[in-house]
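Undergrad: Structure in structure tokens, see below.
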2 protein chains.
Amino acid sequence: MRKLFGNPKQIVTVNTNGKNVKRGSDANEIGILKNHSIISNDGKIEAIVPNDKIDKTEFDEIIDLSGKTVLPGLIDSHTHLVFSGSRADEFRRRLRGVSYEEIAREGGGILRTVTAVRNSSFEELVEIAKPKVEEFIKQGVTSLEIKSGYGLSFYDEVKLLQVINKLDEIFPIDIFPTFLGAHTFPPEYHSDNESYVELILNEMLPYIAEKKLAKFTDAFCESTAFSAKQTERILTKAKKLGFSLKLHTEQFNRIGGLDIALELGATSVDHLEVLENSQIQTLAESETVATLLPGVSFFLDYGYAPARNLIDGGAIVALATDYNPGSSHILNLHLIMSFAALKMKMTMEEIVSAVTINAAKALEIENETGSLEVGKSCDLAVFDADEFSEIIYSVGQNLTFMTVKNGEIIYRKN
Amino acid sequence: MRKLFGNPKQIVTVNTNGKNVKRGSDANEIGILKNHSIISNDGKIEAIVPNDKIDKTEFDEIIDLSGKTVLPGLIDSHTHLVFSGSRADEFRRRLRGVSYEEIAREGGGILRTVTAVRNSSFEELVEIAKPKVEEFIKQGVTSLEIKSGYGLSFYDEVKLLQVINKLDEIFPIDIFPTFLGAHTFPPEYHSDNESYVELILNEMLPYIAEKKLAKFTDAFCESTAFSAKQTERILTKAKKLGFSLKLHTEQFNRIGGLDIALELGATSVDHLEVLENSQIQTLAESETVATLLPGVSFFLDYGYAPARNLIDGGAIVALATDYNPGSSHILNLHLIMSFAALKMKMTMEEIVSAVTINAAKALEIENETGSLEVGKSCDLAVFDADEFSEIIYSVGQNLTFMTVKNGEIIYRKN
């Protein structure tokens, strides 16, 4: 099946010349083509050719993209999309001046979501998640990571991962499950944190590895969550079991998470709001992706990660929504891109690299997608825009016209 | 024609007990009903009744709103929606570190939009504006203000107002035109500002009044735009000619605009980012609405208007998008509501009041719409939400399920 995605106004290839990553200032080179079209063959990109070299009789299907802007399918590499229960009223009370602590004392916060998730069946969780995945698809997202972490028991963590795997089955986009049993300590282990770590090490990780329920293992290394030592034990065991690694780290405090992640060769380190300049060089010299989550800084109203220093220092920077009910209830990757522009002073080009090829690297799919290069999957995000800048400039507006996964049109604006 | 909008999960009436405004802390009382339905008769609200008092045989049409949340139709009382040309590339260059001044020297900024508008025909401007108005309708907006101000010549200002009037004709929502000839000085009057003021006073205002092309006259009172004296002459003349008044004031500098607006009994004063506490009392004791535009503070990255002090001081506070290509390219009233919550510490209830009844007062339509009270227009914004807080909490997501204007369904999510 040969298809022509014909005559867009602009194609942003994010061409990497085969490197499949945009490190540091490379992120500013995103390969803009005009007067070209994209040929897909059996779901892969066969060629990107000048319009005047095209023989239209050679295709099974021609999709006219006149006036549109084409980017590689967008990638959200950090979400907590599967949960149940709303925390809108809690948010409302916080705005009225009620403190987090008070809300937590009354059973609010993350443990409220844990209770709701434990009380929800597999089927209910799938149904609640479906429109949210659809929402991402309508934004041009073709690859998506989703974490567990609201179950915090063997049964409920496995249930969450099964839900995430089910969503991958249901939807045409690629969904990557991450095991985040080490998100926080569940109430039943409140006075015995070590036993919960043992449960993760001895029960959860081996089972999830055996059943291949997750590609990544992640943890929240923070003074109010898992210590550096606990994090190290969990990630080391996970690595032995064959998981790739991610880590929530340097969000509110620096307690050693980054060093552990780099030592273990984590695929990404996420958050980094309190990263110090002295920490940048080691990170920048590694293959670990720095995944920044400006939605959290916006939503909780605290400092943004040092995106400029990271990029200027040569790091690989990705952006993600961190969509979750407590700290970033923002189901909108385009808005995150606008935050990155306005609040972290990333250039538009750097932002495009951060939600395409670098986000692909954060999911270890950079050889298959994340840029429009010959042989890669034909994953496209097509916008009603004269040029890619408009996507970021049109804050809070969804300009997506079409989403294409493996050469198939999976969404078209009506 | 009697219709039943039946069985929503929550109705937020914004009941005013006939006062048709929410001053100061009154904005926190927004009248939440459960187990009620709304009856419309010939486009007006006939009654809001308990579900168990309803005889379903009495209606010509029953619209099932089970599980939904109903608010009064939302109102955006400050936009510059009609323009042509994109300034995305300028925005992109600004993020790369190019200064505003440099961009302006190269012909960028507001005067670039003026050039584009002057080069666009009436028909072109209507076509460009139509999808934008549709976007607002999909957000539950049922009343909308649009300003001129990118023409800055007799011909082009009249053209813009004709476009705005045409949009009001085309769309089922109410669109209110504001004459903003005093937006900035056009290049041809660069060295002779006074002559442009004379043109406004002697040519534009009388013609626009005679042809009834605008309900409001507005001006930009700012050190880089119109002086207090020039503003006073323009608004005084406008008032004599029968216009209601608005004023862009105290945005970057305090040069006397607020006092003039209050003295002339302006319907609203808009912006107020640099308002001082000493100025609040006079404003709070007036009938003038304080229209706050947090999208501009977000987009240009400077201080927010003192919403809390205004409300706590007893002022009438409205919120609007200020949608425009230069300082708030945010075609999303819900996002503005989220900004107000997160960045101006307004409560969710105050925010609802600010985009319904108080925005209605800023357009002098508070007796006809802005709350769900018997005799008012049946203008509804219906959301896929268990309660109204979700609209503000779901940052960057559009939960609108249905928009109703004068009892007619004008948008329904498919």
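By convention in this document, the chains of the structure tokens carry letters A, B, ... by their order, each chain's residues are numbered from 1, and ligands are numbered from 1 in the order they are shown.
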For chain B, work out the contacting residues on chain A at 6 Å, counting only C-alpha atoms, and write them as a VMD selection string.
TA: chain A and resid 88 95 to 96 329 to 330 332 347 389 to 390 393 to 396
Undergrad: Only all heavy atoms, please: the residues just picked out, written as a CSV table (one decimal), in the first residue's frame.
TA:
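Everything below was put into again_4.csv:
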```
chain,number,residue,atom,x,y,z
A,88,ALA,N,-11.1,17.8,41.7
A,88,ALA,CA,-11.5,19.2,41.4
A,88,ALA,C,-11.9,19.9,42.6
A,88,ALA,O,-11.5,21.1,42.8
A,88,ALA,CB,-12.6,19.2,40.4
A,95,LEU,N,-7.6,26.7,46.4
A,95,LEU,CA,-7.7,28.1,45.9
A,95,LEU,C,-8.4,29.0,47.0
A,95,LEU,O,-8.2,30.2,47.0
A,95,LEU,CB,-8.5,28.2,44.6
A,95,LEU,CG,-7.9,27.5,43.4
A,95,LEU,CD1,-8.8,27.5,42.2
A,95,LEU,CD2,-6.5,28.0,43.0
A,96,ARG,N,-9.2,28.4,47.8
A,96,ARG,CA,-9.9,29.1,48.9
A,96,ARG,C,-9.0,29.3,50.1
A,96,ARG,O,-9.4,29.8,51.1
A,96,ARG,CB,-11.1,28.3,49.3
A,96,ARG,CG,-12.3,28.4,48.4
A,96,ARG,CD,-13.5,28.8,49.1
A,96,ARG,NE,-14.7,28.8,48.3
A,96,ARG,CZ,-15.7,29.7,48.5
A,96,ARG,NH1,-15.5,30.7,49.3
A,96,ARG,NH2,-16.7,29.6,47.8
A,329,HIS,N,-3.0,18.7,36.1
A,329,HIS,CA,-4.2,18.2,35.5
A,329,HIS,C,-4.4,18.9,34.1
A,329,HIS,O,-5.3,19.7,33.9
A,329,HIS,CB,-5.4,18.4,36.4
A,329,HIS,CG,-6.6,17.6,36.0
A,329,HIS,ND1,-7.7,18.2,35.5
A,329,HIS,CD2,-6.8,16.3,36.0
A,329,HIS,CE1,-8.6,17.2,35.2
A,329,HIS,NE2,-8.1,16.1,35.5
A,330,ILE,N,-3.4,18.6,33.2
A,330,ILE,CA,-3.3,19.3,32.0
A,330,ILE,C,-3.2,18.3,30.8
A,330,ILE,O,-2.1,17.9,30.5
A,330,ILE,CB,-2.1,20.3,32.0
A,330,ILE,CG1,-2.2,21.2,33.2
A,330,ILE,CG2,-2.1,21.1,30.7
A,330,ILE,CD1,-1.0,22.2,33.3
A,332,ASN,N,-3.0,18.2,27.7
A,332,ASN,CA,-2.8,19.1,26.5
A,332,ASN,C,-1.3,19.3,26.3
A,332,ASN,O,-0.7,20.1,26.9
A,332,ASN,CB,-3.6,20.4,26.7
A,332,ASN,CG,-3.6,21.2,25.5
A,332,ASN,OD1,-2.7,21.2,24.7
A,332,ASN,ND2,-4.6,22.1,25.4
A,347,THR,N,13.4,27.7,22.5
A,347,THR,CA,13.0,28.2,21.2
A,347,THR,C,11.9,27.2,20.7
A,347,THR,O,11.8,26.1,21.1
A,347,THR,CB,14.2,28.2,20.2
A,347,THR,OG1,14.6,26.9,20.0
A,347,THR,CG2,15.3,29.1,20.8
A,389,SER,N,5.4,27.3,13.9
A,389,SER,CA,5.4,28.2,15.1
A,389,SER,C,3.9,28.4,15.6
A,389,SER,O,3.7,28.7,16.7
A,389,SER,CB,5.9,29.5,14.7
A,389,SER,OG,7.3,29.4,14.2
A,390,GLU,N,3.0,28.4,14.6
A,390,GLU,CA,1.6,28.7,15.0
A,390,GLU,C,1.0,27.8,16.1
A,390,GLU,O,0.2,28.1,16.8
A,390,GLU,CB,0.7,28.6,13.7
A,390,GLU,CG,1.2,29.4,12.6
A,390,GLU,CD,0.2,30.4,12.1
A,390,GLU,OE1,-0.9,30.5,12.7
A,390,GLU,OE2,0.5,31.1,11.2
A,393,TYR,N,2.3,29.2,19.3
A,393,TYR,CA,1.8,30.6,19.4
A,393,TYR,C,0.3,30.7,19.7
A,393,TYR,O,-0.2,31.6,20.4
A,393,TYR,CB,2.1,31.3,18.1
A,393,TYR,CG,1.5,32.6,17.8
A,393,TYR,CD1,1.8,33.8,18.5
A,393,TYR,CD2,0.7,32.8,16.7
A,393,TYR,CE1,1.2,35.0,18.2
A,393,TYR,CE2,0.1,34.0,16.3
A,393,TYR,CZ,0.4,35.1,17.1
A,393,TYR,OH,-0.2,36.3,16.8
A,394,SER,N,-0.4,29.7,19.2
A,394,SER,CA,-1.9,29.7,19.4
A,394,SER,C,-2.2,29.0,20.7
A,394,SER,O,-2.7,27.9,20.8
A,394,SER,CB,-2.6,29.0,18.2
A,394,SER,OG,-2.3,29.6,17.0
A,395,VAL,N,-1.9,29.7,21.8
A,395,VAL,CA,-2.0,29.1,23.1
A,395,VAL,C,-3.4,28.7,23.5
A,395,VAL,O,-4.4,29.4,23.4
A,395,VAL,CB,-1.5,30.1,24.2
A,395,VAL,CG1,-1.6,29.5,25.6
A,395,VAL,CG2,-0.1,30.6,23.9
A,396,GLY,N,-3.6,27.4,23.8
A,396,GLY,CA,-4.9,26.9,24.2
A,396,GLY,C,-5.8,26.6,23.1
A,396,GLY,O,-7.0,26.3,23.3
```
Undergrad: Within segment 236-368 of chain A, find each residue whose DSSP state, derived from the backbone, is helix (DSSP H, G or I), and express the selection as a PyMOL selection string.
TA: chain A and resi 236-240+257-263+277-284+294-300+307-312+333-344+348-354+357-362
Undergrad: To one decimal place, how far is atom CA of Gly181 of chain B from atom CA of Ser121 of chain B in Å?
TA: 18.2 Å
Undergrad: Nearest to Ser153 of chain B among B:Phe136, B:Phe185, B:Phe171, B:Phe243, with distances taken over only C-alpha atoms: which residue is it?
TA: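 Among the listed residues, B:Phe185 lies closest to Ser153 of chain B.
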Undergrad: Please give the complete set of residues from segment 188-354 of chain B that DSSP, run on the backbone, assigns to strand (DSSP E), formatted as a ChimeraX atom specification.
TA: /B:216-219,244-249,268-271,289-292,316-319
Undergrad: Using atom CA of Ile234 of chain A and atom CA of Tyr150 of chain A as the two end points, give the distance in Å to one decimal.
TA: 17.5 Å
Undergrad: I'd like the interatomic distance between atom CA of Asn35 of chain A and atom CA of Asn7 of chain A, to a tenth of an Å.
TA: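 Between these atoms lies a distance of 6.3 Å.
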Undergrad: Do a neighbour search on segment 210-226 of chain A at 7 Å with only C-alpha atoms, toss out local chain neighbours closer than 2 positions, and write the hits as a PyMOL selection string.
TA: chain A and resi 161-162+176-180+182-185+206-208+228+230-231+238+243-249+253+255+257
Undergrad: Using only C-alpha atoms, which residue out of B:Val70, B:Thr142, B:Asp192, B:Val133 lies closest to Leu167 of chain B?
TA: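 Checking each candidate against Leu167 of chain B, we get B:Val133 as the closest.
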